$ cat work14.txt   # compact mmCIF, C-alpha atoms
# COMPACT_ATOMS: atom_id res chain seq x y z
CA MET J 1 -2.03 3.20 -36.74
CA SER J 2 -4.88 4.78 -38.65
CA SER J 3 -8.02 6.06 -36.95
CA SER J 4 -9.92 3.03 -38.22
CA THR J 5 -7.48 0.55 -36.70
CA ILE J 6 -8.79 -1.66 -33.91
CA TRP J 7 -6.22 -1.81 -31.13
CA SER J 8 -5.79 -4.84 -28.91
CA VAL J 9 -5.78 -4.45 -25.13
CA ASP J 10 -2.10 -5.36 -25.03
CA GLU J 11 -1.15 -2.87 -27.76
CA HIS J 12 -2.95 -0.02 -25.99
CA LEU J 13 -1.31 -0.84 -22.64
CA GLU J 14 2.12 -1.18 -24.28
CA ASP J 15 1.66 2.24 -25.89
CA ILE J 16 0.79 3.79 -22.51
CA LEU J 17 3.65 2.17 -20.61
CA GLY J 18 6.08 3.05 -23.38
CA ALA J 19 5.27 6.74 -22.91
CA VAL J 20 5.17 6.88 -19.11
CA ARG J 21 8.45 7.46 -17.29
CA PRO J 22 9.03 7.08 -13.54
CA LEU J 23 8.97 10.33 -11.61
CA GLU J 24 12.29 11.87 -10.59
CA PRO J 25 13.53 10.84 -7.13
CA ILE J 26 13.41 13.25 -4.21
CA GLU J 27 14.57 13.17 -0.59
CA LEU J 28 11.65 13.11 1.83
CA GLN J 29 11.21 13.17 5.58
CA LEU J 30 9.97 9.83 6.91
CA HIS J 31 6.46 11.07 7.67
CA ASP J 32 6.12 12.22 4.04
CA ALA J 33 7.53 9.05 2.48
CA GLN J 34 4.64 6.68 3.19
CA GLY J 35 3.43 5.01 0.00
CA CYS J 36 6.54 6.02 -1.96
CA VAL J 37 9.05 3.69 -3.60
CA LEU J 38 12.70 3.56 -2.52
CA VAL J 39 15.24 4.30 -5.23
CA GLU J 40 18.32 3.14 -3.34
CA ASP J 41 19.30 0.39 -0.93
CA VAL J 42 19.25 1.37 2.74
CA VAL J 43 22.16 -0.14 4.69
CA VAL J 44 22.13 -0.37 8.47
CA GLU J 45 24.72 1.80 10.20
CA ILE J 46 23.99 0.84 13.83
CA ALA J 47 23.16 -2.43 15.54
CA LEU J 48 19.52 -2.96 16.44
CA PRO J 49 19.09 -3.27 19.35
CA PRO J 50 22.17 -1.13 19.98
CA PHE J 51 22.85 -2.88 23.33
CA ASP J 52 21.81 -5.99 25.25
CA ASN J 53 18.53 -5.12 26.93
CA SER J 54 15.78 -6.73 28.93
CA SER J 55 12.58 -7.96 27.31
CA MET J 56 10.83 -8.19 30.70
CA ASP J 57 10.35 -6.31 33.95
CA GLY J 58 12.27 -8.31 36.51
CA TYR J 59 15.73 -8.90 37.91
CA ALA J 60 19.09 -9.10 36.16
CA VAL J 61 21.00 -12.06 37.61
CA ARG J 62 23.93 -14.37 37.21
CA VAL J 63 22.85 -17.84 36.01
CA ALA J 64 24.82 -19.73 38.68
CA ASP J 65 23.06 -17.81 41.45
CA VAL J 66 19.60 -19.12 40.54
CA GLN J 67 20.52 -22.65 39.50
CA GLY J 68 18.13 -25.15 41.10
CA ALA J 69 15.85 -22.45 42.55
CA ASP J 70 12.19 -23.31 43.15
CA GLU J 71 9.31 -22.04 45.30
CA GLU J 72 10.22 -24.29 48.23
CA PHE J 73 13.90 -23.41 48.13
CA PRO J 74 14.18 -20.02 46.42
CA ALA J 75 17.50 -18.36 45.63
CA VAL J 76 17.85 -15.31 47.88
CA LEU J 77 19.77 -12.47 46.23
CA THR J 78 20.80 -9.03 47.42
CA VAL J 79 19.23 -6.27 45.31
CA ILE J 80 21.87 -3.65 44.56
CA GLY J 81 19.96 -1.09 42.48
CA ASP J 82 17.55 -0.25 39.69
CA VAL J 83 18.23 -0.19 35.95
CA ALA J 84 15.56 1.84 34.16
CA ALA J 85 14.95 2.19 30.42
CA GLY J 86 17.00 5.14 29.19
CA SER J 87 19.73 4.69 31.78
CA ASP J 88 23.19 3.43 30.96
CA GLY J 89 23.32 0.78 33.67
CA LEU J 90 23.63 0.58 37.43
CA PRO J 91 24.56 3.75 39.33
CA GLY J 92 28.29 4.21 39.68
CA ASP J 93 28.97 1.68 36.93
CA ARG J 94 28.44 -1.11 39.47
CA SER J 95 28.31 -4.67 38.17
CA VAL J 96 26.25 -7.62 39.36
CA GLN J 97 28.45 -9.77 41.56
CA PRO J 98 27.82 -13.33 42.86
CA GLY J 99 24.76 -13.42 45.11
CA GLU J 100 23.45 -10.11 43.73
CA ALA J 101 20.61 -8.97 41.46
CA ALA J 102 19.47 -5.67 39.96
CA ARG J 103 15.87 -4.63 39.38
CA ILE J 104 15.54 -4.07 35.64
CA MET J 105 12.79 -2.64 33.47
CA THR J 106 11.77 -3.65 29.94
CA GLY J 107 14.14 -2.06 27.43
CA ALA J 108 16.80 -1.23 30.02
CA PRO J 109 20.42 -2.23 29.29
CA LEU J 110 21.63 -5.45 30.88
CA PRO J 111 24.11 -4.43 33.59
CA THR J 112 27.66 -5.70 33.58
CA GLY J 113 28.00 -9.07 35.29
CA ALA J 114 24.39 -10.13 34.67
CA GLU J 115 23.75 -12.98 32.24
CA ALA J 116 19.95 -13.24 32.17
CA VAL J 117 16.72 -11.65 33.37
CA ILE J 118 14.27 -13.27 35.79
CA PRO J 119 10.68 -12.07 35.16
CA VAL J 120 9.20 -10.45 38.25
CA GLU J 121 6.46 -13.11 38.25
CA TRP J 122 9.14 -15.71 39.06
CA THR J 123 10.09 -13.81 42.24
CA ASP J 124 8.52 -12.38 45.35
CA GLY J 125 9.12 -8.88 43.98
CA GLY J 126 11.36 -8.13 46.94
CA THR J 127 8.41 -8.14 49.33
CA GLY J 128 9.33 -11.25 51.25
CA GLY J 129 6.00 -12.85 50.30
CA GLY J 130 5.05 -15.39 47.64
CA PRO J 131 5.20 -14.98 43.84
CA ALA J 132 4.64 -11.38 42.77
CA ASP J 133 2.08 -10.23 40.19
CA THR J 134 3.86 -6.98 39.40
CA MET J 135 6.89 -4.95 40.31
CA ARG J 136 6.49 -2.20 42.89
CA ALA J 137 6.77 1.25 41.39
CA HIS J 138 10.00 3.02 42.24
CA ARG J 139 8.14 5.81 44.03
CA ASP J 140 6.38 3.24 46.23
CA ALA J 141 9.66 1.73 47.39
CA PRO J 142 11.44 4.47 49.31
CA GLU J 143 14.16 2.03 50.18
CA GLY J 144 14.95 2.01 46.46
CA ALA J 145 16.13 -1.29 45.14
CA GLY J 146 17.73 -2.42 48.35
CA GLY J 147 16.87 -5.51 50.33
CA GLU J 148 16.52 -9.01 49.06
CA VAL J 149 14.56 -10.81 46.37
CA ARG J 150 13.56 -14.46 46.37
CA VAL J 151 13.80 -16.17 42.98
CA HIS J 152 11.61 -19.23 42.44
CA ARG J 153 12.89 -20.51 39.08
CA PRO J 154 16.24 -20.93 37.32
CA VAL J 155 17.14 -19.48 33.90
CA GLU J 156 19.66 -20.10 31.16
CA ALA J 157 22.16 -17.56 29.92
CA GLY J 158 20.56 -14.96 27.66
CA ALA J 159 17.02 -15.66 28.86
CA HIS J 160 14.70 -12.67 28.41
CA VAL J 161 17.54 -10.63 26.96
CA ARG J 162 17.40 -8.97 23.55
CA ALA J 163 20.98 -9.34 22.35
CA ARG J 164 22.75 -6.45 20.66
CA GLY J 165 22.36 -6.75 16.89
CA SER J 166 19.85 -9.60 17.13
CA ASP J 167 17.51 -7.67 14.79
CA VAL J 168 19.99 -6.11 12.36
CA LYS J 169 23.73 -5.46 12.41
CA PRO J 170 25.83 -2.69 10.86
CA GLY J 171 26.26 -3.44 7.17
CA ASP J 172 23.02 -5.39 6.88
CA LEU J 173 20.59 -4.48 4.09
CA ALA J 174 17.61 -2.90 5.80
CA LEU J 175 15.48 -2.18 2.72
CA SER J 176 16.22 -2.72 -0.95
CA ALA J 177 15.56 -0.31 -3.80
CA GLY J 178 12.06 -0.81 -5.15
CA SER J 179 10.51 -1.36 -1.73
CA VAL J 180 7.25 0.44 -1.06
CA ILE J 181 7.46 2.47 2.14
CA GLY J 182 4.68 1.46 4.52
CA PRO J 183 4.29 1.78 8.31
CA PRO J 184 6.66 -1.13 9.16
CA GLN J 185 9.32 0.23 6.80
CA ILE J 186 9.02 3.71 8.33
CA GLY J 187 9.39 2.13 11.76
CA LEU J 188 12.56 0.31 10.70
CA LEU J 189 14.06 3.41 9.12
CA ALA J 190 13.40 5.42 12.26
CA ALA J 191 14.80 2.64 14.45
CA ILE J 192 18.12 2.67 12.59
CA GLY J 193 18.33 6.44 12.80
CA ARG J 194 17.25 7.51 9.30
CA SER J 195 15.26 10.76 9.26
CA THR J 196 15.00 11.04 5.46
CA VAL J 197 14.91 8.64 2.57
CA LYS J 198 15.32 8.94 -1.21
CA VAL J 199 12.18 7.88 -3.04
CA ARG J 200 10.06 8.47 -6.09
CA PRO J 201 7.12 10.61 -4.98
CA ARG J 202 3.55 9.39 -5.16
CA PRO J 203 2.06 10.41 -8.52
CA ARG J 204 -0.55 13.17 -8.52
CA VAL J 205 -3.64 12.09 -10.44
CA VAL J 206 -6.43 14.49 -11.46
CA VAL J 207 -9.76 12.82 -12.22
CA ILE J 208 -12.33 14.76 -14.28
CA SER J 209 -15.79 13.47 -15.19
CA THR J 210 -17.76 15.00 -18.02
CA GLY J 211 -21.45 15.25 -18.80
CA SER J 212 -24.17 17.85 -18.41
CA GLU J 213 -26.38 15.16 -16.92
CA LEU J 214 -24.13 14.66 -13.89
CA VAL J 215 -25.10 15.92 -10.44
CA GLN J 216 -23.00 15.73 -7.27
CA PRO J 217 -24.19 13.22 -4.65
CA GLY J 218 -26.26 14.95 -1.99
CA GLU J 219 -27.93 17.30 -4.45
CA GLU J 220 -31.43 16.84 -5.80
CA LEU J 221 -31.89 15.17 -9.16
CA ALA J 222 -33.90 16.84 -11.91
CA GLY J 223 -35.32 15.12 -14.96
CA GLY J 224 -32.66 13.39 -17.09
CA GLN J 225 -29.96 13.75 -14.45
CA ILE J 226 -27.87 11.11 -12.67
CA TYR J 227 -25.35 11.25 -9.86
CA ASP J 228 -21.66 11.48 -10.74
CA SER J 229 -20.25 8.17 -9.51
CA ASN J 230 -17.30 7.75 -11.87
CA SER J 231 -15.16 10.55 -10.48
CA PHE J 232 -15.59 9.21 -6.95
CA ALA J 233 -14.81 5.62 -7.95
CA LEU J 234 -11.77 6.53 -10.03
CA THR J 235 -10.36 8.92 -7.44
CA ALA J 236 -10.62 6.14 -4.87
CA ALA J 237 -9.05 3.70 -7.32
CA ALA J 238 -6.15 6.09 -7.93
CA ARG J 239 -5.51 6.34 -4.21
CA ASP J 240 -5.72 2.57 -3.91
CA ALA J 241 -3.07 2.32 -6.62
CA GLY J 242 -0.73 4.50 -4.55
CA ALA J 243 -1.37 7.95 -5.99
CA ILE J 244 -2.33 11.29 -4.52
CA ALA J 245 -5.67 11.86 -6.23
CA TYR J 246 -7.69 15.01 -6.85
CA ARG J 247 -11.31 14.82 -7.93
CA VAL J 248 -12.69 17.62 -10.08
CA GLY J 249 -16.45 18.19 -10.13
CA ALA J 250 -18.28 17.14 -13.28
CA VAL J 251 -17.71 19.39 -16.28
CA THR J 252 -20.62 20.17 -18.57
CA ASP J 253 -20.66 19.19 -22.24
CA ASP J 254 -18.76 22.22 -23.42
CA ALA J 255 -15.41 21.77 -25.14
CA ASP J 256 -13.97 25.15 -24.19
CA THR J 257 -14.91 24.68 -20.53
CA LEU J 258 -13.36 21.22 -20.43
CA ARG J 259 -10.19 22.35 -22.16
CA ALA J 260 -9.81 25.25 -19.72
CA THR J 261 -10.47 22.97 -16.76
CA ILE J 262 -7.79 20.51 -17.86
CA GLU J 263 -5.28 23.30 -18.45
CA ASP J 264 -5.97 24.70 -14.98
CA GLN J 265 -5.38 21.28 -13.42
CA LEU J 266 -2.05 20.57 -15.12
CA ILE J 267 -0.13 22.44 -12.44
CA ARG J 268 -0.93 19.68 -9.92
CA ALA J 269 -1.06 16.66 -12.23
CA ASP J 270 1.44 13.96 -13.10
CA ILE J 271 -1.37 12.25 -14.99
CA VAL J 272 -4.89 13.33 -15.97
CA VAL J 273 -7.82 10.94 -16.22
CA THR J 274 -11.11 11.90 -17.85
CA THR J 275 -14.24 9.81 -17.97
CA GLY J 276 -17.01 10.17 -20.54
CA GLY J 277 -17.23 11.85 -23.92
CA VAL J 278 -14.91 9.59 -25.92
CA SER J 279 -17.36 7.76 -28.18
CA VAL J 280 -18.95 8.88 -31.46
CA GLY J 281 -21.96 10.85 -30.22
CA ALA J 282 -22.72 14.47 -31.10
CA TYR J 283 -21.97 15.54 -27.52
CA ASP J 284 -18.76 13.62 -26.90
CA VAL J 285 -17.02 16.65 -25.49
CA VAL J 286 -13.66 15.06 -24.60
CA LYS J 287 -12.96 14.16 -28.20
CA GLU J 288 -14.04 17.61 -29.33
CA ALA J 289 -11.94 19.38 -26.72
CA LEU J 290 -8.77 17.32 -27.00
CA SER J 291 -8.54 16.07 -30.58
CA SER J 292 -6.67 19.23 -31.60
CA VAL J 293 -4.56 19.97 -28.53
CA GLY J 294 -1.34 18.83 -30.17
CA ASP J 295 -0.09 21.67 -32.36
CA GLU J 296 3.11 23.44 -33.32
CA ASP J 297 3.25 25.20 -29.95
CA GLU J 298 3.32 21.88 -28.12
CA PRO J 299 5.32 19.44 -30.26
CA GLY J 300 4.92 15.84 -29.25
CA SER J 301 1.64 16.40 -27.44
CA GLY J 302 -1.83 15.36 -28.49
CA ILE J 303 -4.51 12.82 -27.68
CA ASP J 304 -5.20 9.83 -29.89
CA PHE J 305 -8.74 8.46 -29.70
CA ARG J 306 -8.98 4.83 -30.65
CA LYS J 307 -11.16 1.73 -30.59
CA LEU J 308 -10.06 -1.33 -28.65
CA ALA J 309 -10.99 -4.97 -29.18
CA MET J 310 -12.45 -5.27 -25.69
CA GLN J 311 -15.76 -5.27 -23.87
CA PRO J 312 -16.57 -3.19 -21.93
CA GLY J 313 -14.39 -0.18 -22.77
CA LYS J 314 -14.12 -0.11 -26.56
CA PRO J 315 -13.57 3.69 -26.93
CA GLN J 316 -10.34 4.96 -25.33
CA GLY J 317 -8.07 7.95 -25.60
CA PHE J 318 -4.42 8.39 -24.73
CA GLY J 319 -1.73 10.99 -25.23
CA SER J 320 -0.12 13.95 -23.54
CA ILE J 321 -1.09 17.54 -22.98
CA GLY J 322 0.52 20.79 -21.89
CA PRO J 323 4.11 22.04 -21.83
CA GLU J 324 5.24 19.16 -19.59
CA HIS J 325 3.58 16.58 -21.85
CA THR J 326 1.47 15.33 -18.98
CA PRO J 327 -0.04 11.91 -19.79
CA LEU J 328 -3.82 11.94 -20.23
CA LEU J 329 -6.02 8.87 -20.38
CA ALA J 330 -9.57 9.38 -21.60
CA LEU J 331 -11.90 6.63 -20.41
CA PRO J 332 -15.48 5.79 -21.38
CA GLY J 333 -18.37 7.17 -19.32
CA ASN J 334 -20.32 4.03 -18.48
CA PRO J 335 -19.46 3.12 -14.88
CA VAL J 336 -18.24 -0.42 -15.47
CA SER J 337 -16.39 0.52 -18.67
CA SER J 338 -14.72 3.36 -16.79
CA TYR J 339 -13.64 1.21 -13.85
CA VAL J 340 -12.44 -1.74 -15.94
CA SER J 341 -10.47 0.66 -18.15
CA PHE J 342 -8.89 2.20 -15.06
CA GLU J 343 -7.78 -1.18 -13.77
CA LEU J 344 -6.34 -2.25 -17.11
CA PHE J 345 -4.65 0.98 -18.18
CA VAL J 346 -4.56 3.77 -15.59
CA ARG J 347 -3.46 1.69 -12.62
CA PRO J 348 -0.43 0.30 -14.48
CA ALA J 349 0.45 3.85 -15.58
CA ILE J 350 0.34 5.07 -11.97
CA ARG J 351 2.50 2.17 -10.83
CA ALA J 352 4.97 2.89 -13.65
CA LEU J 353 5.21 6.54 -12.54
CA MET J 354 6.03 5.25 -9.05
CA GLY J 355 8.91 3.24 -10.49
CA LEU J 356 7.49 -0.17 -9.67
CA GLN J 357 8.51 -3.11 -11.83
CA ASP J 358 5.30 -5.10 -11.43
CA VAL J 359 2.55 -2.71 -12.48
CA ASN J 360 -0.34 -5.09 -13.07
CA ARG J 361 -2.85 -6.65 -10.74
CA PRO J 362 -2.09 -10.26 -9.78
CA THR J 363 -3.83 -12.94 -11.80
CA ALA J 364 -4.93 -16.52 -11.16
CA ARG J 365 -6.49 -19.44 -13.02
CA ALA J 366 -9.94 -20.55 -11.93
CA ALA J 367 -12.74 -22.83 -13.06
CA LEU J 368 -15.84 -20.98 -14.25
CA ASN J 369 -18.63 -21.58 -11.74
CA THR J 370 -21.84 -20.98 -13.66
CA ASP J 371 -25.00 -22.87 -14.54
CA GLU J 372 -24.84 -22.08 -18.23
CA ALA J 373 -22.31 -21.09 -20.84
CA LEU J 374 -21.17 -17.47 -21.02
CA SER J 375 -21.21 -15.80 -24.43
CA SER J 376 -18.53 -13.40 -25.58
CA PRO J 377 -18.29 -11.30 -28.78
CA ALA J 378 -15.92 -12.68 -31.39
CA GLY J 379 -12.68 -10.75 -31.72
CA ARG J 380 -13.02 -8.92 -28.39
CA ARG J 381 -11.47 -9.62 -25.03
CA GLN J 382 -14.32 -9.55 -22.54
CA PHE J 383 -13.98 -8.66 -18.87
CA LEU J 384 -16.81 -9.88 -16.66
CA ARG J 385 -17.24 -9.17 -12.96
CA GLY J 386 -16.85 -12.12 -10.66
CA THR J 387 -16.18 -13.40 -7.15
CA TYR J 388 -13.07 -15.54 -6.74
CA ASP J 389 -12.83 -18.48 -4.33
CA ALA J 390 -9.14 -19.22 -3.93
CA GLU J 391 -9.73 -22.32 -1.80
CA ALA J 392 -12.12 -23.91 -4.30
CA GLY J 393 -10.23 -22.58 -7.32
CA THR J 394 -13.41 -21.20 -8.87
CA VAL J 395 -14.77 -17.87 -10.06
CA THR J 396 -18.48 -17.03 -10.15
CA PRO J 397 -19.88 -14.34 -12.48
CA VAL J 398 -21.68 -11.45 -10.76
CA GLY J 399 -24.38 -9.58 -12.65
CA GLY J 400 -24.62 -9.34 -16.42
CA SER J 401 -22.30 -7.96 -19.07
CA GLY J 402 -23.95 -4.53 -19.26
CA SER J 403 -21.51 -1.66 -18.81
CA HIS J 404 -23.98 0.26 -16.62
CA LEU J 405 -24.41 -2.46 -13.96
CA ILE J 406 -22.44 -0.80 -11.18
CA ALA J 407 -24.20 -2.71 -8.37
CA ALA J 408 -22.63 -5.96 -9.59
CA LEU J 409 -19.24 -4.29 -9.71
CA ALA J 410 -19.51 -3.44 -6.02
CA GLN J 411 -19.94 -7.15 -5.24
CA ALA J 412 -17.05 -8.34 -7.41
CA ASP J 413 -13.48 -8.96 -6.31
CA ALA J 414 -12.18 -10.16 -9.67
CA LEU J 415 -12.46 -9.73 -13.42
CA ILE J 416 -13.09 -12.84 -15.52
CA VAL J 417 -11.12 -12.64 -18.77
CA LEU J 418 -12.58 -14.27 -21.87
CA PRO J 419 -10.03 -14.06 -24.74
CA GLU J 420 -10.71 -12.69 -28.21
CA ASP J 421 -11.03 -16.17 -29.76
CA VAL J 422 -13.62 -17.38 -27.23
CA THR J 423 -17.29 -16.90 -28.08
CA SER J 424 -18.69 -19.31 -25.51
CA ALA J 425 -17.28 -20.40 -22.15
CA GLU J 426 -18.86 -23.54 -20.72
CA PRO J 427 -19.26 -24.21 -16.98
CA GLY J 428 -15.97 -25.46 -15.56
CA THR J 429 -13.84 -23.74 -18.20
CA ASP J 430 -10.38 -22.81 -16.97
CA THR J 431 -10.22 -19.00 -17.14
CA GLU J 432 -7.82 -16.20 -16.33
CA VAL J 433 -8.90 -14.07 -13.39
CA ILE J 434 -7.62 -10.59 -12.53
CA LEU J 435 -7.71 -10.17 -8.76
CA LEU J 436 -9.02 -6.76 -7.66
CA ARG J 437 -8.47 -7.17 -3.88
$ encode --input "work14.txt" --output "structure tokens"
Amino acid sequence: MSSSTIWSVDEHLEDILGAVRPLEPIELQLHDAQGCVLVEDVVVEIALPPFDNSSMDGYAVRVADVQGADEEFPAVLTVIGDVAAGSDGLPGDRSVQPGEAARIMTGAPLPTGAEAVIPVEWTDGGTGGGPADTMRAHRDAPEGAGGEVRVHRPVEAGAHVRARGSDVKPGDLALSAGSVIGPPQIGLLAAIGRSTVKVRPRPRVVVISTGSELVQPGEELAGGQIYDSNSFALTAAARDAGAIAYRVGAVTDDADTLRATIEDQLIRADIVVTTGGVSVGAYDVVKEALSSVGDEDEPGSGIDFRKLAMQPGKPQGFGSIGPEHTPLLALPGNPVSSYVSFELFVRPAIRALMGLQDVNRPTARAALNTDEALSSPAGRRQFLRGTYDAEAGTVTPVGGSGSHLIAALAQADALIVLPEDVTSAEPGTDTEVILLR
């Protein structure tokens, strides 16, 4: 396309996703794999649980021995020993015989001969009194697990027993390729004995804001200065998308300084994101610094600056830079333009690097909840901030259409999409909504 061509939102995104390739898989320890995407199916090799075990503190019994038991006529059983979690059963490989019971702790293996577990609250705890509230600690019972226990209720076979393989069995599919590894997945992998897993690593994203007017939060503002909010917002957005994100302090409006900064950051970047300096002003430093980066020394690299048929976010840049052809997305500097552009283009690129199939935010249809019609420029796809009510099926605009209105963005949980052929959207109009949370 020529430099004067107006790109559609879909064309720009297609160009980005066509150039981004998933990162190469690596083997990681479990504690390093959180947030990564599996590249292979994980098959269970051991049963989980690996043995029948108790889900309660109580007594392992034979069902026939407690049949018909109640508080008035309890079943009286001889206690033959303790079975603690981590043990392999009763001492001496004893089994529970008729008229016998074994004290058993939560997670302990069900001893041979036992068919069910009676919770301690359904017994006298071996004290000879009424129903027990708790089981006496082993150290407080010098007689060990000897004596008798009175059982006040019957049970069925398998009661309060976690059966071997009741969670997963050998050969079961634990996790499928494409799964994102979160805390529950790490727990499952550890439970089945996996210490490492093959994944695509989390992409490393470097965020650089530009502008001599930018000051770091916490510092004092001078005349004509504003705080740098974009780099903080986009770094947080990159992390929310699943990346490892690095924020670089604002770079002044100097092309050589910006070019050197980007080159220094390439060593830790799978993708670079800049914000500001991509329009047509005399101080649009990103365009000045990057328009000529693709040369004979770096074939295939270069940044293309283009205009998109969208609002906000008309000026955009995309290409690659450096010997590894690291993708670089150059976003506008206005806060709302920057954030909307990130959601539409950078987030999908990050998700593509992770190897995910579904890279876009979820969408919904909602009725426009507004007192008056919303205007939209002809030929541009407009993205307005809004709050989405899933129960009512409505979306309410928040703030105006100005690309500097960051306070409204903080209140929004959705983007209202008005297509290129819509110039006016009446109250109640069925609209597409991009869900941000």
$ atom_distance --input "work14.txt" --atom1 "CA of Ala238 in chain J" --atom2 "CA of Ala309 in chain J"
24.4 Å
$ closest_residue --input "work14.txt" --among "J:Gly211, J:Pro217, J:Gly399, J:Pro111" --to "Gly333 in chain J" --atoms "only C-alpha atoms"
J:Gly211
$ axis_aligned_box --input "work14.txt" --around "range 179-192 of chain J" --padding-each-side "8 Å" --output "AutoDock Vina command-line options"
--center_x 11.2 --center_y 2.0 --center_z 6.4 --size_x 29.8 --size_y 22.8 --size_z 32.2
$ closest_residue --input "work14.txt" --among "J:Asp172, J:Asp228, J:Asp124, J:Glu432" --to "Val151 in chain J" --atoms "all atoms listed in the file"
J:Asp124
$ residues_around --input "work14.txt" --residues "range 160-167 of chain J" --least-positions-apart "6" --cutoff "9 Å" --atoms "only C-alpha atoms" --output "ChimeraX atom specification"
/J:46-56,107,110,115-119
$ residues_around --input "work14.txt" --residues "Gly171 in chain J" --least-positions-apart "5" --cutoff "8 Å" --atoms "all atoms listed in the file" --output "PyMOL selection string"
chain J and resi 43-45
$ closest_residue --input "work14.txt" --among "J:Asp57, J:Asp304, J:Glu219, J:Asp70" --to "Arg136 in chain J" --atoms "only C-alpha atoms"
J:Asp57
$ closest_residue --input "work14.txt" --among "J:Val286, J:Ser424, J:Ala233, J:Ala414" --to "Glu372 in chain J" --atoms "all atoms listed in the file"
J:Ser424
$ residues_around --input "work14.txt" --residues "Gly319 in chain J" --least-positions-apart "2" --cutoff "8 Å" --atoms "all atoms listed in the file" --output "ChimeraX atom specification"
/J:301-304,317,321,327-329
$ closest_residue --input "work14.txt" --among "J:Ile262, J:Ala114, J:Val76, J:Leu435" --to "Gly89 in chain J" --atoms "all atoms listed in the file"
J:Ala114
$ residues_around --input "work14.txt" --residues "Ile6 in chain J" --least-positions-apart "3" --cutoff "12 Å" --atoms "only C-alpha atoms" --output "JSON, numbers by chain"
{"J": [1, 2, 3, 9, 10, 11, 12, 305, 306, 307, 308, 309, 310, 314, 315, 316, 379, 380]}
$ write_last_selection --input "work14.txt" --atoms "C-alpha atoms" --output "mmCIF file, in the coordinates of the input"
data_model
loop_
_atom_site.group_PDB
_atom_site.id
_atom_site.type_symbol
_atom_site.label_atom_id
_atom_site.label_comp_id
_atom_site.auth_asym_id
_atom_site.auth_seq_id
_atom_site.Cartn_x
_atom_site.Cartn_y
_atom_site.Cartn_z
ATOM 1 C CA MET J 1 -2.030 3.200 -36.740
ATOM 2 C CA SER J 2 -4.880 4.780 -38.650
ATOM 3 C CA SER J 3 -8.020 6.060 -36.950
ATOM 4 C CA VAL J 9 -5.780 -4.450 -25.130
ATOM 5 C CA ASP J 10 -2.100 -5.360 -25.030
ATOM 6 C CA GLU J 11 -1.150 -2.870 -27.760
ATOM 7 C CA HIS J 12 -2.950 -0.020 -25.990
ATOM 8 C CA PHE J 305 -8.740 8.460 -29.700
ATOM 9 C CA ARG J 306 -8.980 4.830 -30.650
ATOM 10 C CA LYS J 307 -11.160 1.730 -30.590
ATOM 11 C CA LEU J 308 -10.060 -1.330 -28.650
ATOM 12 C CA ALA J 309 -10.990 -4.970 -29.180
ATOM 13 C CA MET J 310 -12.450 -5.270 -25.690
ATOM 14 C CA LYS J 314 -14.120 -0.110 -26.560
ATOM 15 C CA PRO J 315 -13.570 3.690 -26.930
ATOM 16 C CA GLN J 316 -10.340 4.960 -25.330
ATOM 17 C CA GLY J 379 -12.680 -10.750 -31.720
ATOM 18 C CA ARG J 380 -13.020 -8.920 -28.390
#
$ residues_near_point --input "work14.txt" --point "(-2.7, 5.3, -14.9)" --cutoff "8 Å" --atoms "all atoms listed in the file" --output "list in words"
Ala238, Ile271, Val273, Leu329, Phe342, Phe345, Val346, Arg347, Pro348, Ala349, Ile350 and Arg351 of chain J
$ closest_atom_pairs --input "work14.txt" --of "range 345-421 of chain J" --to "range 15-38 of chain J" --cutoff "7 Å" --atoms "all atoms listed in the file" --output "CSV"
residue,atom,partner,partner_atom,distance
J:Ala349,CA,J:Leu17,CA,6.2
J:Ala352,CA,J:Pro22,CA,5.8
J:Leu353,CA,J:Pro22,CA,4.0
J:Met354,CA,J:Pro22,CA,5.7
J:Gly355,CA,J:Pro22,CA,4.9
